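J.: My structure file final_35.tsv, TSV, C-alpha atoms and all ligand atoms, is below:
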chain	number	residue	atom	x	y	z
M	1	MET	CA	37.89	4.66	114.82
M	2	THR	CA	38.75	0.99	114.56
M	3	ALA	CA	38.12	-1.07	117.67
M	4	GLN	CA	40.88	-2.82	119.52
M	5	ARG	CA	40.41	-6.57	119.54
M	6	ILE	CA	40.29	-8.44	122.83
M	7	ASP	CA	42.29	-11.55	121.99
M	8	GLY	CA	40.74	-14.57	123.75
M	9	ASN	CA	43.62	-16.84	122.75
M	10	ALA	CA	46.28	-14.56	124.23
M	11	LEU	CA	44.30	-13.97	127.44
M	12	SER	CA	43.61	-17.71	127.72
M	13	GLN	CA	47.29	-18.47	127.39
M	14	LYS	CA	48.05	-16.09	130.25
M	15	LEU	CA	45.31	-17.47	132.50
M	16	ARG	CA	46.16	-21.09	131.65
M	17	ALA	CA	49.79	-20.47	132.62
M	18	ASP	CA	48.49	-19.46	136.05
M	19	VAL	CA	46.31	-22.58	136.18
M	20	THR	CA	49.34	-24.75	135.33
M	21	HIS	CA	51.34	-23.08	138.08
M	22	ARG	CA	48.61	-23.45	140.73
M	23	THR	CA	47.96	-27.05	139.64
M	24	ALA	CA	51.62	-27.90	140.18
M	25	ALA	CA	51.49	-26.28	143.64
M	26	LEU	CA	48.40	-28.32	144.54
M	27	LYS	CA	49.99	-31.52	143.25
M	28	SER	CA	52.93	-30.92	145.58
M	29	LYS	CA	50.38	-31.09	148.41
M	30	GLY	CA	49.21	-34.46	147.10
M	31	VAL	CA	46.06	-33.34	145.27
M	32	THR	CA	45.70	-33.53	141.49
M	33	PRO	CA	42.66	-31.58	140.24
M	34	GLY	CA	40.40	-33.98	138.35
M	35	LEU	CA	37.62	-33.34	135.84
M	36	ALA	CA	35.12	-35.93	134.62
M	37	VAL	CA	33.57	-35.11	131.25
M	38	VAL	CA	30.47	-37.13	130.46
M	39	LEU	CA	29.24	-37.40	126.88
M	40	VAL	CA	26.06	-39.25	126.00
M	41	GLY	CA	25.40	-39.96	122.32
M	42	GLU	CA	27.12	-39.02	119.08
M	43	ASN	CA	26.45	-35.29	118.61
M	44	PRO	CA	29.37	-34.24	116.34
M	45	ALA	CA	29.77	-30.73	117.82
M	46	SER	CA	29.70	-32.15	121.35
M	47	GLN	CA	32.41	-34.64	120.45
M	48	VAL	CA	34.70	-31.79	119.36
M	49	TYR	CA	33.90	-29.74	122.49
M	50	VAL	CA	34.61	-32.58	124.92
M	51	ARG	CA	37.84	-33.48	123.16
M	52	ASN	CA	39.01	-29.87	123.48
M	53	LYS	CA	38.07	-29.79	127.18
M	54	VAL	CA	39.96	-32.98	127.97
M	55	LYS	CA	43.01	-31.82	126.00
M	56	ALA	CA	43.03	-28.45	127.78
M	57	CYS	CA	43.07	-30.27	131.12
M	58	GLN	CA	46.01	-32.41	130.07
M	59	ASP	CA	47.93	-29.37	128.78
M	60	SER	CA	47.64	-27.68	132.18
M	61	GLY	CA	48.50	-30.77	134.23
M	62	LEU	CA	44.97	-31.56	135.43
M	63	TYR	CA	43.68	-35.12	135.49
M	64	SER	CA	40.69	-35.67	133.24
M	65	VAL	CA	38.57	-38.58	132.23
M	66	LEU	CA	36.17	-38.71	129.30
M	67	GLU	CA	33.26	-41.07	129.79
M	68	LYS	CA	31.30	-41.83	126.62
M	69	TYR	CA	27.92	-43.51	126.73
M	70	PRO	CA	25.57	-44.66	123.97
M	71	GLU	CA	22.69	-42.53	122.69
M	72	ASN	CA	20.15	-44.93	124.27
M	73	MET	CA	21.53	-44.62	127.82
M	74	THR	CA	18.71	-44.38	130.37
M	75	GLU	CA	18.25	-41.44	132.71
M	76	GLU	CA	18.50	-43.84	135.64
M	77	ALA	CA	21.87	-45.15	134.48
M	78	LEU	CA	23.23	-41.63	133.99
M	79	LEU	CA	22.00	-40.53	137.44
M	80	ALA	CA	23.71	-43.57	138.95
M	81	ARG	CA	26.95	-42.64	137.21
M	82	ILE	CA	26.72	-39.04	138.47
M	83	ASN	CA	26.28	-40.41	141.98
M	84	GLY	CA	29.43	-42.46	141.51
M	85	LEU	CA	31.40	-39.42	140.38
M	86	ASN	CA	30.03	-37.35	143.30
M	87	ASN	CA	31.59	-39.92	145.63
M	88	ASP	CA	34.88	-40.27	143.74
M	89	ALA	CA	37.62	-38.37	145.62
M	90	SER	CA	39.85	-38.16	142.52
M	91	ILE	CA	37.16	-36.12	140.71
M	92	HIS	CA	36.70	-32.45	141.69
M	93	GLY	CA	34.62	-31.32	138.73
M	94	ILE	CA	31.82	-33.03	136.81
M	95	LEU	CA	30.71	-31.81	133.40
M	96	VAL	CA	27.83	-33.42	131.56
M	97	GLN	CA	27.96	-32.22	127.97
M	98	LEU	CA	24.68	-30.78	126.69
M	99	PRO	CA	22.47	-31.40	124.82
M	100	LEU	CA	21.45	-34.81	126.20
M	101	PRO	CA	19.31	-37.34	124.30
M	102	VAL	CA	15.54	-36.78	124.54
M	103	GLN	CA	14.83	-39.60	127.02
M	104	ILE	CA	17.02	-37.86	129.62
M	105	ASP	CA	15.84	-34.84	131.62
M	106	ALA	CA	18.90	-32.56	131.49
M	107	GLN	CA	17.82	-30.43	134.45
M	108	LYS	CA	17.37	-33.51	136.62
M	109	VAL	CA	20.89	-34.65	135.71
M	110	ILE	CA	22.37	-31.22	136.46
M	111	GLU	CA	20.64	-31.14	139.86
M	112	ALA	CA	22.14	-34.56	140.64
M	113	ILE	CA	25.67	-33.16	140.42
M	114	SER	CA	27.09	-32.19	143.79
M	115	PRO	CA	27.22	-28.34	143.89
M	116	ALA	CA	30.82	-28.67	145.16
M	117	LYS	CA	31.69	-30.34	141.82
M	118	ASP	CA	29.43	-28.24	139.56
M	119	VAL	CA	32.24	-26.63	137.54
M	120	ASP	CA	29.82	-25.75	134.70
M	121	GLY	CA	27.88	-23.61	137.21
M	122	PHE	CA	24.51	-24.89	135.95
M	123	HIS	CA	23.11	-26.30	139.24
M	124	ILE	CA	20.36	-24.20	140.84
M	125	ALA	CA	22.60	-23.90	143.92
M	126	SER	CA	25.28	-22.30	141.71
M	127	ALA	CA	22.71	-20.01	140.06
M	128	GLY	CA	21.38	-19.02	143.50
M	129	ALA	CA	24.89	-18.37	144.80
M	130	LEU	CA	25.63	-16.09	141.85
M	131	MET	CA	22.36	-14.23	142.31
M	132	THR	CA	22.95	-13.65	146.03
M	133	GLY	CA	26.69	-12.95	145.83
M	134	MET	CA	27.64	-16.10	147.73
M	135	PRO	CA	30.65	-18.27	146.85
M	136	GLY	CA	29.92	-20.80	144.12
M	137	PHE	CA	30.86	-21.71	140.58
M	138	TRP	CA	30.10	-19.25	137.81
M	139	PRO	CA	29.11	-20.53	134.34
M	140	CYS	CA	32.25	-20.56	132.22
M	141	THR	CA	31.20	-18.46	129.21
M	142	PRO	CA	29.93	-15.35	131.05
M	143	PHE	CA	32.78	-15.75	133.56
M	144	GLY	CA	35.18	-15.63	130.60
M	145	CYS	CA	33.46	-12.46	129.34
M	146	MET	CA	34.05	-10.82	132.74
M	147	LYS	CA	37.74	-11.76	132.56
M	148	MET	CA	37.93	-10.14	129.12
M	149	LEU	CA	36.50	-6.88	130.50
M	150	GLU	CA	38.92	-7.09	133.42
M	151	SER	CA	41.82	-7.60	130.98
M	152	ILE	CA	41.19	-4.17	129.41
M	153	GLY	CA	40.83	-2.55	132.83
M	154	TYR	CA	37.17	-1.74	132.21
M	155	ASP	CA	35.31	-0.30	135.21
M	156	LEU	CA	31.64	-1.31	134.96
M	157	LYS	CA	30.44	0.90	137.81
M	158	GLY	CA	27.53	3.04	136.61
M	159	LYS	CA	27.89	1.86	133.02
M	160	HIS	CA	24.92	0.67	131.00
M	161	ALA	CA	25.42	-2.96	130.01
M	162	VAL	CA	23.01	-4.57	127.56
M	163	VAL	CA	22.84	-8.35	127.27
M	164	ILE	CA	21.10	-9.72	124.21
M	165	GLY	CA	19.89	-13.24	125.04
M	166	ARG	CA	18.41	-14.74	128.20
M	167	SER	CA	19.66	-18.33	128.34
M	168	ASN	CA	20.43	-19.97	131.69
M	169	ILE	CA	23.95	-20.71	130.45
M	170	VAL	CA	24.94	-17.24	129.21
M	171	GLY	CA	22.42	-14.38	129.18
M	172	LYS	CA	20.99	-14.59	132.71
M	173	PRO	CA	24.26	-15.32	134.56
M	174	MET	CA	26.01	-12.67	132.43
M	175	ALA	CA	23.50	-10.07	133.59
M	176	MET	CA	24.05	-11.06	137.23
M	177	MET	CA	27.83	-10.78	136.94
M	178	LEU	CA	27.59	-7.33	135.33
M	179	LEU	CA	25.16	-6.26	138.05
M	180	GLN	CA	27.55	-7.47	140.73
M	181	GLN	CA	30.13	-5.06	139.27
M	182	ASN	CA	27.62	-2.20	139.63
M	183	ALA	CA	26.60	-1.83	136.00
M	184	THR	CA	23.05	-0.86	135.12
M	185	VAL	CA	21.90	-3.94	133.24
M	186	THR	CA	19.26	-4.45	130.57
M	187	ILE	CA	18.41	-7.92	129.27
M	188	CYS	CA	17.00	-8.02	125.74
M	189	HIS	CA	15.46	-11.06	124.08
M	190	SER	CA	13.26	-12.23	121.21
M	191	ALA	CA	10.22	-10.27	122.45
M	192	THR	CA	12.13	-7.02	123.04
M	193	LYS	CA	10.75	-4.06	121.12
M	194	ASN	CA	13.04	-1.49	119.50
M	195	LEU	CA	16.22	-3.40	120.25
M	196	LYS	CA	18.28	-0.79	118.44
M	197	ASP	CA	17.04	2.02	120.71
M	198	ILE	CA	18.26	0.05	123.73
M	199	THR	CA	21.61	-1.12	122.34
M	200	ARG	CA	22.38	2.46	121.17
M	201	GLN	CA	22.39	3.50	124.83
M	202	ALA	CA	24.80	0.76	125.89
M	203	ASP	CA	28.39	1.24	127.04
M	204	VAL	CA	28.85	-2.54	126.95
M	205	ILE	CA	26.96	-4.99	124.74
M	206	VAL	CA	27.06	-8.78	125.10
M	207	ALA	CA	25.52	-10.58	122.14
M	208	ALA	CA	24.48	-14.12	123.09
M	209	VAL	CA	21.64	-15.17	120.83
M	210	GLY	CA	23.11	-17.71	118.43
M	211	LYS	CA	22.10	-15.88	115.24
M	212	ARG	CA	24.21	-13.96	112.73
M	213	ASN	CA	24.06	-10.16	112.49
M	214	VAL	CA	21.98	-9.69	115.64
M	215	LEU	CA	24.13	-6.61	116.25
M	216	THR	CA	25.03	-4.29	113.40
M	217	ALA	CA	26.96	-1.01	113.27
M	218	GLU	CA	23.93	1.32	113.44
M	219	MET	CA	22.87	-0.37	116.71
M	220	VAL	CA	26.10	0.53	118.50
M	221	LYS	CA	27.06	3.79	120.26
M	222	PRO	CA	30.49	5.02	119.19
M	223	GLY	CA	33.11	3.79	121.66
M	224	ALA	CA	31.03	0.96	123.13
M	225	VAL	CA	32.63	-2.34	124.16
M	226	VAL	CA	31.20	-5.33	122.29
M	227	LEU	CA	31.51	-8.95	123.39
M	228	ASP	CA	30.37	-11.59	120.91
M	229	VAL	CA	29.33	-14.94	122.40
M	230	GLY	CA	27.80	-16.24	119.16
M	231	MET	CA	29.08	-19.29	117.32
M	232	ASN	CA	27.50	-19.54	113.86
M	233	ARG	CA	28.41	-20.33	110.27
M	234	ASN	CA	28.11	-17.81	107.46
M	235	ASP	CA	27.02	-18.60	103.88
M	236	GLU	CA	30.57	-19.67	103.01
M	237	GLY	CA	30.57	-22.06	105.98
M	238	LYS	CA	33.03	-19.93	107.94
M	239	LEU	CA	32.72	-19.55	111.70
M	240	CYS	CA	31.15	-16.24	112.71
M	241	GLY	CA	29.53	-14.69	115.76
M	242	ASP	CA	26.29	-12.81	116.44
M	243	VAL	CA	27.90	-9.48	115.61
M	244	ASP	CA	28.48	-8.01	112.15
M	245	PHE	CA	32.18	-7.77	112.91
M	246	ALA	CA	33.29	-5.73	109.88
M	247	GLY	CA	30.68	-3.03	110.54
M	248	VAL	CA	30.77	-2.89	114.34
M	249	GLU	CA	34.57	-2.88	114.40
M	250	GLN	CA	34.41	0.61	112.87
M	251	ILE	CA	32.25	1.95	115.72
M	252	ALA	CA	33.23	0.13	118.94
M	253	SER	CA	36.28	0.83	121.12
M	254	TYR	CA	36.85	-2.83	121.91
M	255	ILE	CA	35.46	-5.95	120.27
M	256	THR	CA	35.94	-9.71	120.61
M	257	PRO	CA	36.49	-11.63	117.36
M	258	VAL	CA	34.95	-14.98	116.39
M	259	PRO	CA	36.85	-17.25	116.32
M	260	GLY	CA	39.55	-16.42	118.87
M	261	GLY	CA	37.44	-14.39	121.27
M	262	VAL	CA	35.05	-15.68	123.91
M	263	GLY	CA	35.33	-19.32	122.69
M	264	PRO	CA	38.75	-20.17	124.12
M	265	MET	CA	37.87	-18.32	127.33
M	266	THR	CA	35.03	-20.76	128.05
M	267	ILE	CA	37.39	-23.72	128.33
M	268	THR	CA	39.90	-21.64	130.27
M	269	MET	CA	37.30	-20.81	132.92
M	270	LEU	CA	36.36	-24.49	133.12
M	271	LEU	CA	39.99	-25.18	134.06
M	272	VAL	CA	39.89	-22.36	136.60
M	273	ASN	CA	36.66	-23.70	138.15
M	274	THR	CA	38.01	-27.25	138.31
M	275	LEU	CA	41.21	-26.06	139.94
M	276	GLU	CA	39.18	-23.99	142.43
M	277	ALA	CA	37.03	-27.02	143.25
M	278	ALA	CA	40.18	-29.01	144.00
M	279	GLU	CA	41.77	-26.17	145.99
M	280	ARG	CA	38.65	-25.92	148.15
M	281	THR	CA	39.16	-29.53	149.25
M	282	VAL	CA	42.53	-28.72	150.84
M	283	ILE	CA	41.93	-25.24	152.28
J	301	LIG	N1	27.00	-27.50	125.50
J	301	LIG	C1	27.31	-26.32	124.90
J	301	LIG	N2	28.00	-25.54	125.75
J	301	LIG	C2	28.15	-26.24	126.89
J	301	LIG	C3	28.78	-25.97	128.13
J	301	LIG	O1	29.36	-24.92	128.38
J	301	LIG	N3	28.71	-26.97	129.06
J	301	LIG	C4	28.07	-28.13	128.83
J	301	LIG	N4	28.05	-29.04	129.80
J	301	LIG	N5	27.47	-28.42	127.70
J	301	LIG	C5	27.52	-27.48	126.74
What would you get if you wrote out this structure as structure tokens?
Ligand code: GUN

T.:
Amino acid sequence: MTAQRIDGNALSQKLRADVTHRTAALKSKGVTPGLAVVLVGENPASQVYVRNKVKACQDSGLYSVLEKYPENMTEEALLARINGLNNDASIHGILVQLPLPVQIDAQKVIEAISPAKDVDGFHIASAGALMTGMPGFWPCTPFGCMKMLESIGYDLKGKHAVVIGRSNIVGKPMAMMLLQQNATVTICHSATKNLKDITRQADVIVAAVGKRNVLTAEMVKPGAVVLDVGMNRNDEGKLCGDVDFAGVEQIASYITPVPGGVGPMTITMLLVNTLEAAERTVI
């Protein structure tokens, strides 16, 4: 059996068309959804990410502003800028690109963002809302994974979902979202023993470690659904995920490729969150 691919580009296109449509409707009521993207320093990967985020906003008719600051910016100055954006009515979403330079406490900066504008979903208020099933913003990458499962009509109720990785950005919120859909959820991490024995029991596996070949064919139950959040480079310098795609593709029923899988969905859900933030100001 060869797995069907869940195409993140195609799904993104569909969801972004809806964002474009809803954005136009909101504009006709006099509100243009606005996203502020804040980049501190010169991290090359971050520069590519923020450019893509700003471009995606423009393509869907959202307003976006990219604010770039030097590597030596102080924490105080950044906190002051966040305060300014919190009070700026043209801005509905604030995204501070991570990582931040060492002199800045990232968590402190995230907590300074108004939860109403926390479109990354990293604020503790957003994390608490997700955990308790209250309205709030969901982190974009796991949110995108949920949309991918929804796109194949997958019913998580009673299924065993295994998340490999426990980051605040992906692993932990991913587990909460799967739990909310009534899956039985196991979180595995670097100290997990007998990882293979656990993943072999999974109906759904989300690999979110940031290391190549974390999941190989013999670790997967035939017919399982595999979502690959990884973003790595192989020996030839080509982009690859956490999953041994060629091997696992032969075992799984559905699989997300890298590139063209979860990656584009992350930006799409950022657009969705920003639009939602703007819509909430008029409803
Ligand atoms: N750095 C890597 N991924 C992300 C993300 O999703 N949001 C932010 N703000 N920074 C990141």

J.: For chain M against ligand LIG 301 (chain J), with a cut-off of 7 Å and counting only C-alpha atoms and all ligand atoms, what is the closest atom pair and its distance in Å to one decimal for every residue that makes the cut, ordered by chain and number, as CSV?

T.:
residue,atom,partner,partner_atom,distance
M:Ser46,CA,J:LIG301,N1,6.8
M:Leu95,CA,J:LIG301,N4,5.3
M:Val96,CA,J:LIG301,N4,4.7
M:Gln97,CA,J:LIG301,N4,3.7
M:Leu98,CA,J:LIG301,N5,3.8
M:Pro99,CA,J:LIG301,N1,6.0
M:Asp120,CA,J:LIG301,N3,5.9
M:Cys140,CA,J:LIG301,O1,6.5
M:Thr141,CA,J:LIG301,O1,6.8

J.: My list of candidates is M:Asn43, M:Asn273, M:Ser167, M:Ser90. Which is closest to Gly30 (chain M) when distances are computed with all atoms listed in the file?

T.: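 Closest residue, counting all atoms listed in the file: M:Ser90.
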
J.: Would you list the contacts of region 204-208 of chain M as a PyMOL selection string, taking every protein, DNA or RNA residue within 6 Å and counting only C-alpha atoms, but skipping same-chain residues closer than 2 positions in sequence?

T.: chain M and resi 161-165+202+224-230

J.: To one decimal place, how far is CA of Met1 (chain M) from CA of Gln250 (chain M) in Å?

T.: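 For CA of Met1 (chain M) relative to CA of Gln250 (chain M), the distance reads 5.7 Å.
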
J.: In terms of the shortest atom-to-atom distance over all atoms listed in the file, which of M:Ala77, M:Ile82, M:Leu178, M:Val220 is closest to Ile251 (chain M)?

T.: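 Of all the options, M:Val220 lies closest to Ile251 (chain M).
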
J.: Please determine, counting only C-alpha atoms, which residue among M:Met265, M:Leu79, M:Leu39, M:Val19 has the shortest atom-to-atom distance to Asp59 (chain M).

T.: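 Among the listed residues, M:Val19 lies closest to Asp59 (chain M).
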
J.: Do you know which residues lie at most 10 Å from (30.2, -30.4, 141.5), with coordinates as in the file and only C-alpha atoms counted, and could you write them as a ChimeraX atom specification?

T.: /M:35,82,85-86,91-95,110-123,126,136-137,273-274,277

J.: Would you mind putting back all heavy atoms on region 61-72 of chain M, then writing it out as a compact mmCIF listing (two decimals), in the coordinates of the input?

T.:
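Result saved to out13.txt:
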# COMPACT_ATOMS: atom_id res chain seq x y z
N GLY M 61 48.08 -29.86 133.15
CA GLY M 61 48.50 -30.77 134.23
C GLY M 61 47.37 -31.30 135.09
O GLY M 61 47.61 -31.95 136.10
N LEU M 62 46.10 -31.02 134.68
CA LEU M 62 44.97 -31.56 135.43
C LEU M 62 44.71 -33.00 134.98
O LEU M 62 45.03 -33.37 133.84
CB LEU M 62 43.69 -30.74 135.20
CG LEU M 62 43.59 -29.38 135.90
CD1 LEU M 62 44.37 -28.32 135.13
CD2 LEU M 62 42.13 -28.94 136.02
N TYR M 63 44.12 -33.78 135.87
CA TYR M 63 43.68 -35.12 135.49
C TYR M 63 42.30 -34.99 134.87
O TYR M 63 41.47 -34.20 135.35
CB TYR M 63 43.63 -36.00 136.75
CG TYR M 63 42.87 -37.30 136.60
CD1 TYR M 63 43.38 -38.33 135.81
CD2 TYR M 63 41.66 -37.50 137.25
CE1 TYR M 63 42.68 -39.52 135.67
CE2 TYR M 63 40.96 -38.69 137.13
CZ TYR M 63 41.48 -39.70 136.32
OH TYR M 63 40.79 -40.87 136.19
N SER M 64 42.05 -35.72 133.79
CA SER M 64 40.69 -35.67 133.24
C SER M 64 40.32 -37.01 132.66
O SER M 64 41.17 -37.74 132.16
CB SER M 64 40.55 -34.58 132.18
OG SER M 64 41.22 -34.97 131.03
N VAL M 65 39.05 -37.32 132.78
CA VAL M 65 38.57 -38.58 132.23
C VAL M 65 37.34 -38.30 131.39
O VAL M 65 36.46 -37.52 131.78
CB VAL M 65 38.29 -39.60 133.37
CG1 VAL M 65 37.34 -39.04 134.39
CG2 VAL M 65 37.78 -40.92 132.81
N LEU M 66 37.32 -38.86 130.19
CA LEU M 66 36.17 -38.71 129.30
C LEU M 66 35.37 -40.00 129.33
O LEU M 66 35.89 -41.07 129.00
CB LEU M 66 36.65 -38.41 127.87
CG LEU M 66 35.58 -38.39 126.78
CD1 LEU M 66 34.48 -37.38 127.10
CD2 LEU M 66 36.20 -38.07 125.42
N GLU M 67 34.13 -39.90 129.76
CA GLU M 67 33.26 -41.07 129.79
C GLU M 67 32.22 -40.93 128.69
O GLU M 67 31.42 -39.99 128.69
CB GLU M 67 32.55 -41.18 131.16
CG GLU M 67 33.54 -41.37 132.30
CD GLU M 67 32.87 -41.82 133.59
OE1 GLU M 67 31.64 -42.06 133.59
OE2 GLU M 67 33.59 -41.94 134.60
N LYS M 68 32.24 -41.87 127.75
CA LYS M 68 31.30 -41.83 126.62
C LYS M 68 30.26 -42.92 126.80
O LYS M 68 30.61 -44.07 127.07
CB LYS M 68 32.05 -42.07 125.32
CG LYS M 68 32.90 -40.91 124.84
CD LYS M 68 33.47 -41.27 123.48
CE LYS M 68 34.21 -40.10 122.86
NZ LYS M 68 34.70 -40.40 121.52
N TYR M 69 29.02 -42.54 126.60
CA TYR M 69 27.92 -43.51 126.73
C TYR M 69 27.05 -43.47 125.48
O TYR M 69 26.98 -42.44 124.80
CB TYR M 69 27.10 -43.19 127.98
CG TYR M 69 27.90 -43.37 129.24
CD1 TYR M 69 28.37 -42.27 129.94
CD2 TYR M 69 28.22 -44.64 129.72
CE1 TYR M 69 29.15 -42.41 131.09
CE2 TYR M 69 28.99 -44.80 130.85
CZ TYR M 69 29.45 -43.69 131.54
OH TYR M 69 30.23 -43.86 132.65
N PRO M 70 26.38 -44.60 125.20
CA PRO M 70 25.57 -44.66 123.97
C PRO M 70 24.33 -43.76 124.04
O PRO M 70 23.85 -43.43 125.13
CB PRO M 70 25.18 -46.13 123.87
CG PRO M 70 25.33 -46.68 125.24
CD PRO M 70 26.39 -45.88 125.92
N GLU M 71 23.86 -43.39 122.87
CA GLU M 71 22.69 -42.53 122.69
C GLU M 71 21.47 -43.03 123.47
O GLU M 71 20.65 -42.25 123.95
CB GLU M 71 22.36 -42.49 121.17
CG GLU M 71 21.26 -41.56 120.75
CD GLU M 71 21.71 -40.11 120.63
OE1 GLU M 71 22.90 -39.88 120.32
OE2 GLU M 71 20.88 -39.22 120.86
N ASN M 72 21.34 -44.36 123.62
CA ASN M 72 20.15 -44.93 124.27
C ASN M 72 20.32 -45.12 125.78
O ASN M 72 19.52 -45.81 126.41
CB ASN M 72 19.75 -46.25 123.59
CG ASN M 72 20.82 -47.34 123.76
OD1 ASN M 72 21.87 -47.09 124.34
ND2 ASN M 72 20.53 -48.52 123.24
